[in-house]
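Asker: Contents of query-v5.pdb (PDB, C-alpha atoms, pLDDT in the B column) are given next:
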MODEL        1
ATOM      1  CA  MET Y   5      -7.820  -4.571  22.516  1.00 44.00           C
ATOM      2  CA  ASP Y   6     -10.974  -3.883  20.604  1.00 46.00           C
ATOM      3  CA  ALA Y   7     -12.828  -5.558  17.714  1.00 46.00           C
ATOM      4  CA  PRO Y   8     -11.096  -8.959  17.364  1.00 47.00           C
ATOM      5  CA  LEU Y   9     -10.102  -9.813  13.805  1.00 46.00           C
ATOM      6  CA  PRO Y  10      -8.592 -13.025  12.422  1.00 45.00           C
ATOM      7  CA  HIS Y  11      -4.899 -12.549  11.681  1.00 47.00           C
ATOM      8  CA  ASP Y  12      -2.620 -15.508  11.033  1.00 49.00           C
ATOM      9  CA  GLY Y  13      -4.441 -17.551  13.653  1.00 46.00           C
ATOM     10  CA  ARG Y  14      -4.058 -14.956  16.394  1.00 51.00           C
ATOM     11  CA  THR Y  15      -6.671 -12.733  17.991  1.00 49.00           C
ATOM     12  CA  VAL Y  16      -5.938  -9.149  17.071  1.00 72.00           C
ATOM     13  CA  GLY Y  17      -7.658  -5.834  17.271  1.00 82.00           C
ATOM     14  CA  GLU Y  18      -7.220  -2.114  17.545  1.00 90.00           C
ATOM     15  CA  VAL Y  19      -4.989  -1.021  20.362  1.00 92.00           C
ATOM     16  CA  VAL Y  20      -6.941   1.303  22.638  1.00 92.00           C
ATOM     17  CA  MET Y  21      -5.755   2.932  25.848  1.00 90.00           C
ATOM     18  CA  ARG Y  22      -6.767   5.175  28.686  1.00 90.00           C
ATOM     19  CA  THR Y  23      -4.297   6.905  31.015  1.00 88.00           C
ATOM     20  CA  PRO Y  24      -4.065  10.386  32.548  1.00 85.00           C
ATOM     21  CA  TRP Y  25      -1.038  11.404  30.469  1.00 86.00           C
ATOM     22  CA  LEU Y  26      -2.535  10.882  27.003  1.00 84.00           C
ATOM     23  CA  THR Y  27      -3.471  13.809  24.819  1.00 81.00           C
ATOM     24  CA  ALA Y  28      -6.985  15.066  25.358  1.00 81.00           C
ATOM     25  CA  SER Y  29      -7.578  16.274  21.805  1.00 83.00           C
ATOM     26  CA  TYR Y  30      -6.137  17.591  18.580  1.00 84.00           C
ATOM     27  CA  VAL Y  31      -5.601  21.345  18.693  1.00 88.00           C
ATOM     28  CA  LYS Y  32      -8.455  23.137  16.893  1.00 90.00           C
ATOM     29  CA  ASP Y  33      -9.691  19.893  15.302  1.00 89.00           C
ATOM     30  CA  PRO Y  34     -12.799  18.606  17.106  1.00 87.00           C
ATOM     31  CA  GLU Y  35     -13.683  16.095  14.360  1.00 89.00           C
ATOM     32  CA  ARG Y  36     -10.310  14.309  14.558  1.00 84.00           C
ATOM     33  CA  SER Y  37     -10.497  14.491  18.345  1.00 85.00           C
ATOM     34  CA  ALA Y  38     -13.879  12.739  18.261  1.00 85.00           C
ATOM     35  CA  GLU Y  39     -12.391   9.994  16.046  1.00 84.00           C
ATOM     36  CA  LEU Y  40      -9.414   9.641  18.395  1.00 86.00           C
ATOM     37  CA  TRP Y  41     -11.430   9.477  21.633  1.00 87.00           C
ATOM     38  CA  ARG Y  42     -14.492   7.210  21.721  1.00 88.00           C
ATOM     39  CA  SER Y  43     -16.266   5.964  24.860  1.00 87.00           C
ATOM     40  CA  GLY Y  44     -13.458   7.316  27.027  1.00 87.00           C
ATOM     41  CA  TRP Y  45     -10.723   5.373  25.211  1.00 91.00           C
ATOM     42  CA  LEU Y  46      -7.974   6.656  22.904  1.00 89.00           C
ATOM     43  CA  HIS Y  47      -8.048   4.671  19.662  1.00 91.00           C
ATOM     44  CA  SER Y  48      -4.457   4.409  18.427  1.00 90.00           C
ATOM     45  CA  GLY Y  49      -5.133   3.207  14.898  1.00 90.00           C
ATOM     46  CA  ASP Y  50      -2.676   0.345  15.511  1.00 92.00           C
ATOM     47  CA  VAL Y  51      -3.515  -3.351  15.228  1.00 89.00           C
ATOM     48  CA  GLY Y  52      -1.857  -5.757  17.619  1.00 89.00           C
ATOM     49  CA  PHE Y  53      -2.125  -8.717  19.931  1.00 88.00           C
ATOM     50  CA  ILE Y  54      -0.980  -9.800  23.348  1.00 89.00           C
ATOM     51  CA  GLY Y  55       1.687 -12.471  22.850  1.00 88.00           C
ATOM     52  CA  PRO Y  56       2.261 -15.514  25.022  1.00 89.00           C
ATOM     53  CA  ASP Y  57       4.837 -13.493  26.958  1.00 91.00           C
ATOM     54  CA  GLY Y  58       2.136 -10.976  27.923  1.00 89.00           C
ATOM     55  CA  TYR Y  59       3.617  -8.150  25.832  1.00 92.00           C
ATOM     56  CA  LEU Y  60       1.637  -6.142  23.314  1.00 90.00           C
ATOM     57  CA  GLN Y  61       2.919  -6.658  19.785  1.00 89.00           C
ATOM     58  CA  ILE Y  62       1.934  -4.106  17.142  1.00 87.00           C
ATOM     59  CA  THR Y  63       1.390  -5.807  13.793  1.00 85.00           C
ATOM     60  CA  ASP Y  64       0.112  -3.049  11.526  1.00 87.00           C
ATOM     61  CA  ARG Y  65      -1.861   0.162  11.199  1.00 89.00           C
ATOM     62  CA  ILE Y  66      -5.610  -0.300  10.690  1.00 90.00           C
ATOM     63  CA  LYS Y  67      -5.528   1.848   7.563  1.00 88.00           C
ATOM     64  CA  ASP Y  68      -2.744  -0.348   6.135  1.00 90.00           C
ATOM     65  CA  VAL Y  69      -4.438  -3.717   6.703  1.00 90.00           C
ATOM     66  CA  ILE Y  70      -5.780  -5.014   3.393  1.00 90.00           C
ATOM     67  CA  LYS Y  71      -9.224  -6.618   3.343  1.00 87.00           C
ATOM     68  CA  SER Y  72      -9.329  -8.907   0.341  1.00 86.00           C
ATOM     69  CA  GLY Y  73     -12.460 -10.910  -0.357  1.00 80.00           C
ATOM     70  CA  GLY Y  74     -13.394 -11.066   3.315  1.00 84.00           C
ATOM     71  CA  GLU Y  75      -9.862 -12.006   4.434  1.00 86.00           C
ATOM     72  CA  TRP Y  76      -7.465  -9.718   6.299  1.00 87.00           C
ATOM     73  CA  ILE Y  77      -3.886  -9.294   5.070  1.00 90.00           C
ATOM     74  CA  SER Y  78      -1.246  -7.513   7.128  1.00 89.00           C
ATOM     75  CA  SER Y  79       0.805  -5.257   4.873  1.00 91.00           C
ATOM     76  CA  LEU Y  80       3.696  -5.401   7.357  1.00 90.00           C
ATOM     77  CA  ASP Y  81       3.740  -9.209   7.432  1.00 89.00           C
ATOM     78  CA  LEU Y  82       3.797  -9.282   3.638  1.00 93.00           C
ATOM     79  CA  GLU Y  83       6.537  -6.634   3.478  1.00 94.00           C
ATOM     80  CA  ASN Y  84       8.644  -8.583   5.958  1.00 94.00           C
ATOM     81  CA  LEU Y  85       8.255 -11.765   3.926  1.00 96.00           C
ATOM     82  CA  ILE Y  86       9.128 -10.076   0.624  1.00 97.00           C
ATOM     83  CA  SER Y  87      12.159  -8.473   2.282  1.00 97.00           C
ATOM     84  CA  GLN Y  88      13.473 -11.941   3.208  1.00 97.00           C
ATOM     85  CA  HIS Y  89      14.270 -12.567  -0.463  1.00 97.00           C
ATOM     86  CA  PRO Y  90      18.023 -12.014  -0.928  1.00 97.00           C
ATOM     87  CA  ALA Y  91      17.481  -9.746  -3.957  1.00 97.00           C
ATOM     88  CA  VAL Y  92      15.198  -7.346  -2.044  1.00 97.00           C
ATOM     89  CA  LEU Y  93      16.495  -4.331  -0.133  1.00 97.00           C
ATOM     90  CA  GLU Y  94      13.082  -3.117   1.046  1.00 97.00           C
ATOM     91  CA  ALA Y  95       9.397  -3.402   0.203  1.00 97.00           C
ATOM     92  CA  ALA Y  96       6.104  -1.636   0.814  1.00 97.00           C
ATOM     93  CA  VAL Y  97       2.652  -3.137   0.292  1.00 96.00           C
ATOM     94  CA  VAL Y  98      -0.665  -1.347  -0.181  1.00 96.00           C
ATOM     95  CA  GLY Y  99      -4.151  -2.407  -1.198  1.00 93.00           C
ATOM     96  CA  HIS Y 100      -4.980  -2.002  -4.881  1.00 92.00           C
ATOM     97  CA  GLU Y 101      -8.356  -2.478  -6.529  1.00 89.00           C
ATOM     98  CA  ASP Y 102      -8.425  -4.950  -9.429  1.00 86.00           C
ATOM     99  CA  ALA Y 103     -10.680  -4.867 -12.494  1.00 86.00           C
ATOM    100  CA  ASP Y 104     -13.418  -6.710 -10.567  1.00 85.00           C
ATOM    101  CA  GLY Y 105     -13.416  -4.113  -7.780  1.00 84.00           C
ATOM    102  CA  LEU Y 106     -11.677  -6.407  -5.282  1.00 86.00           C
ATOM    103  CA  THR Y 107      -8.746  -5.165  -3.218  1.00 91.00           C
ATOM    104  CA  LYS Y 108      -5.537  -7.164  -3.576  1.00 91.00           C
ATOM    105  CA  PRO Y 109      -1.987  -6.564  -2.317  1.00 94.00           C
ATOM    106  CA  ARG Y 110       0.318  -4.490  -4.511  1.00 95.00           C
ATOM    107  CA  ALA Y 111       4.024  -4.447  -3.666  1.00 97.00           C
ATOM    108  CA  PHE Y 112       6.634  -1.811  -4.390  1.00 98.00           C
ATOM    109  CA  VAL Y 113      10.102  -3.315  -4.179  1.00 98.00           C
ATOM    110  CA  VAL Y 114      13.593  -1.829  -4.090  1.00 98.00           C
ATOM    111  CA  ARG Y 115      16.155  -4.357  -5.320  1.00 97.00           C
ATOM    112  CA  ALA Y 116      19.319  -4.889  -3.302  1.00 97.00           C
ATOM    113  CA  PRO Y 117      22.424  -3.331  -4.921  1.00 96.00           C
ATOM    114  CA  GLY Y 118      23.581  -5.519  -7.802  1.00 95.00           C
ATOM    115  CA  ALA Y 119      20.671  -7.940  -7.376  1.00 95.00           C
ATOM    116  CA  ASP Y 120      18.395  -9.066 -10.149  1.00 91.00           C
ATOM    117  CA  VAL Y 121      15.008 -10.650  -9.612  1.00 93.00           C
ATOM    118  CA  GLU Y 122      11.945 -10.776 -11.822  1.00 94.00           C
ATOM    119  CA  VAL Y 123       8.334 -10.312 -10.775  1.00 95.00           C
ATOM    120  CA  ALA Y 124       7.386 -13.963 -11.358  1.00 94.00           C
ATOM    121  CA  ALA Y 125      10.288 -15.240  -9.222  1.00 95.00           C
ATOM    122  CA  LEU Y 126       9.415 -12.903  -6.367  1.00 95.00           C
ATOM    123  CA  GLN Y 127       5.737 -13.864  -6.559  1.00 93.00           C
ATOM    124  CA  ALA Y 128       6.697 -17.567  -6.492  1.00 94.00           C
ATOM    125  CA  PHE Y 129       8.893 -16.928  -3.430  1.00 96.00           C
ATOM    126  CA  VAL Y 130       5.955 -15.356  -1.593  1.00 94.00           C
ATOM    127  CA  LYS Y 131       3.331 -17.841  -2.823  1.00 93.00           C
ATOM    128  CA  ALA Y 132       5.374 -20.762  -1.483  1.00 95.00           C
ATOM    129  CA  ARG Y 133       5.214 -19.249   2.015  1.00 94.00           C
ATOM    130  CA  LEU Y 134       1.667 -17.845   2.264  1.00 90.00           C
ATOM    131  CA  ALA Y 135      -1.954 -18.597   1.551  1.00 88.00           C
ATOM    132  CA  PRO Y 136      -2.720 -17.930  -2.134  1.00 84.00           C
ATOM    133  CA  PHE Y 137      -4.993 -14.934  -1.448  1.00 85.00           C
ATOM    134  CA  LYS Y 138      -2.168 -13.057   0.297  1.00 89.00           C
ATOM    135  CA  TYR Y 139       0.466 -12.887  -2.421  1.00 87.00           C
ATOM    136  CA  PRO Y 140       0.825  -9.569  -4.275  1.00 92.00           C
ATOM    137  CA  ARG Y 141      -0.836  -9.636  -7.700  1.00 89.00           C
ATOM    138  CA  TRP Y 142       1.240  -6.663  -8.757  1.00 94.00           C
ATOM    139  CA  ILE Y 143       4.887  -6.036  -8.005  1.00 96.00           C
ATOM    140  CA  GLU Y 144       6.512  -2.843  -9.182  1.00 96.00           C
ATOM    141  CA  PHE Y 145      10.259  -2.363  -8.900  1.00 97.00           C
ATOM    142  CA  VAL Y 146      11.228   1.155  -7.854  1.00 97.00           C
ATOM    143  CA  ASP Y 147      14.541   2.908  -7.221  1.00 96.00           C
ATOM    144  CA  GLU Y 148      13.360   4.100  -3.812  1.00 97.00           C
ATOM    145  CA  LEU Y 149      10.264   4.237  -1.644  1.00 97.00           C
ATOM    146  CA  PRO Y 150       8.770   7.639  -0.784  1.00 96.00           C
ATOM    147  CA  LYS Y 151       9.618   8.441   2.830  1.00 96.00           C
ATOM    148  CA  THR Y 152       9.257  11.188   5.379  1.00 95.00           C
ATOM    149  CA  ALA Y 153      12.276  12.958   6.843  1.00 95.00           C
ATOM    150  CA  THR Y 154      12.216  10.392   9.673  1.00 95.00           C
ATOM    151  CA  GLY Y 155      12.247   7.434   7.260  1.00 93.00           C
ATOM    152  CA  LYS Y 156       8.593   6.400   7.475  1.00 91.00           C
ATOM    153  CA  ILE Y 157       7.176   5.091   4.189  1.00 94.00           C
ATOM    154  CA  GLN Y 158       4.565   7.440   2.719  1.00 94.00           C
ATOM    155  CA  ARG Y 159       1.981   4.847   1.750  1.00 92.00           C
ATOM    156  CA  PHE Y 160      -0.515   7.446   0.580  1.00 91.00           C
ATOM    157  CA  LYS Y 161       1.867   8.264  -2.277  1.00 94.00           C
ATOM    158  CA  LEU Y 162       2.062   4.606  -3.240  1.00 96.00           C
ATOM    159  CA  ARG Y 163      -1.717   4.179  -3.100  1.00 91.00           C
ATOM    160  CA  GLY Y 164      -2.093   7.049  -5.546  1.00 82.00           C
ATOM    161  CA  ARG Y 165       0.138   5.461  -8.184  1.00 82.00           C
TER     162      ARG Y 165
ENDMDL
END
What would you get if you wrote out this structure as structure tokens?
Answerer:
Amino acid sequence: MDAPLPHDGRTVGEVVMRTPWLTASYVKDPERSAELWRSGWLHSGDVGFIGPDGYLQITDRIKDVIKSGGEWISSLDLENLISQHPAVLEAAVVGHEDADGLTKPRAFVVRAPGADVEVAALQAFVKARLAPFKYPRWIEFVDELPKTATGKIQRFKLRGR
């Protein structure tokens, strides 16, 4: 673990590793290879922590963690919470800059079939369960989330909206 960051009261950081069977570099891409390998360690780009059971738990991707006013917000934690609402099928959260230049969470939500929920009700659901700075200031209902062929959410497409 590298670079401890506060995260819901747990010590977290970037997951780094070093073993003989890891990739040595990106093919024909020395700049990305230099970003990947630093000081003899492979930097995964994942954020995680060692739980009380001794197992590594991945909590997010570094590029998906939202830094809002000096506080760190896990997009995955927020997505999981939003998805607990019975009217939500799935959710994705990205950082979005507000009018003051501060980054705040922005949620894209797919409603469950036949469900009806309004933005204010969903925000109230989240606010009741989290610190005030973590709730999404913007919630946009969408028919589907952009995904890769393997089902991974394409957050870069959501950030560009």
Asker: I would like the residues chosen by the PyMOL selection byres ((chain Y and resi 141-147) around 10) on the shown file; could you give them as an MDAnalysis selection string?
Answerer: chainID Y and resid 92 95:97 100 102 108:116 121:124 126:127 137:140 148:150
Asker: For each of Y:Ala135, Y:Arg163, Y:Gln61, Y:Leu26, take the minimum atom-to-atom distance to Trp76 in chain Y, counting all atoms listed in the file, then give the residue where this is smallest.
Answerer: Y:Ala135
Asker: I'd like to know which of Y:Glu101, Y:Asp33, Y:Asp57, Y:Asp68 is closest to Phe160 in chain Y, using only C-alpha atoms.
Answerer: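 Comparing Y:Glu101, Y:Asp33, Y:Asp57, Y:Asp68 against Phe160 in chain Y, the winner is Y:Asp68.
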Asker: Taking the file as shown, find all residues satisfying the PyMOL selection byres ((chain Y and resi 51) around 7) and write them as a list in words.
Answerer: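 Taken on the displayed file, the PyMOL selection byres ((chain Y and resi 51) around 7) yields the residues Val16, Gly17, Glu18, Val19, Gly49, Asp50, Gly52, Ile62, Thr63, Asp64, Arg65 and Ile66 of chain Y.
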Asker: Between CA of Arg42 in chain Y and CA of Ser79 in chain Y, what is the spacing in Å?
Answerer: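 About the pair CA of Ser79 in chain Y and CA of Arg42 in chain Y: they are 25.9 Å apart.
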Asker: Could you check the closest approach to Leu106 in chain Y for each of Y:Ser72, Y:Asn84, Y:Ser43, Y:Ser37 and tell me which residue wins, using all atoms listed in the file?
Answerer: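 Between Y:Ser72, Y:Asn84, Y:Ser43, Y:Ser37, the residue approaching Leu106 in chain Y most closely is Y:Ser72.
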Asker: Between CA of Pro117 in chain Y and CA of Ala91 in chain Y, measure the distance and give it in Å to one decimal.
Answerer: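 CA of Ala91 in chain Y lies at a distance of 8.2 Å from CA of Pro117 in chain Y.
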Asker: How far is it from CA of Pro90 in chain Y to CA of Arg133 in chain Y, in Å with one decimal?
Answerer: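 Atom-to-atom, CA of Pro90 in chain Y and CA of Arg133 in chain Y are spaced 15.0 Å apart.
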Asker: For Arg22 in chain Y, list every protein, DNA or RNA residue within 12 Å, evaluated using all atoms listed in the file, and leave out those in the same chain fewer than 5 positions away; present the list as a PDB file with C-alpha atoms, in the coordinates of the input.
Answerer:
ATOM      1  CA  MET Y   5      -7.820  -4.571  22.516  1.00 44.00           C
ATOM      2  CA  THR Y  27      -3.471  13.809  24.819  1.00 81.00           C
ATOM      3  CA  ALA Y  28      -6.985  15.066  25.358  1.00 81.00           C
ATOM      4  CA  LEU Y  40      -9.414   9.641  18.395  1.00 86.00           C
ATOM      5  CA  TRP Y  41     -11.430   9.477  21.633  1.00 87.00           C
ATOM      6  CA  ARG Y  42     -14.492   7.210  21.721  1.00 88.00           C
ATOM      7  CA  SER Y  43     -16.266   5.964  24.860  1.00 87.00           C
ATOM      8  CA  GLY Y  44     -13.458   7.316  27.027  1.00 87.00           C
ATOM      9  CA  TRP Y  45     -10.723   5.373  25.211  1.00 91.00           C
ATOM     10  CA  LEU Y  46      -7.974   6.656  22.904  1.00 89.00           C
ATOM     11  CA  HIS Y  47      -8.048   4.671  19.662  1.00 91.00           C
ATOM     12  CA  SER Y  48      -4.457   4.409  18.427  1.00 90.00           C
TER      13      SER Y  48
END
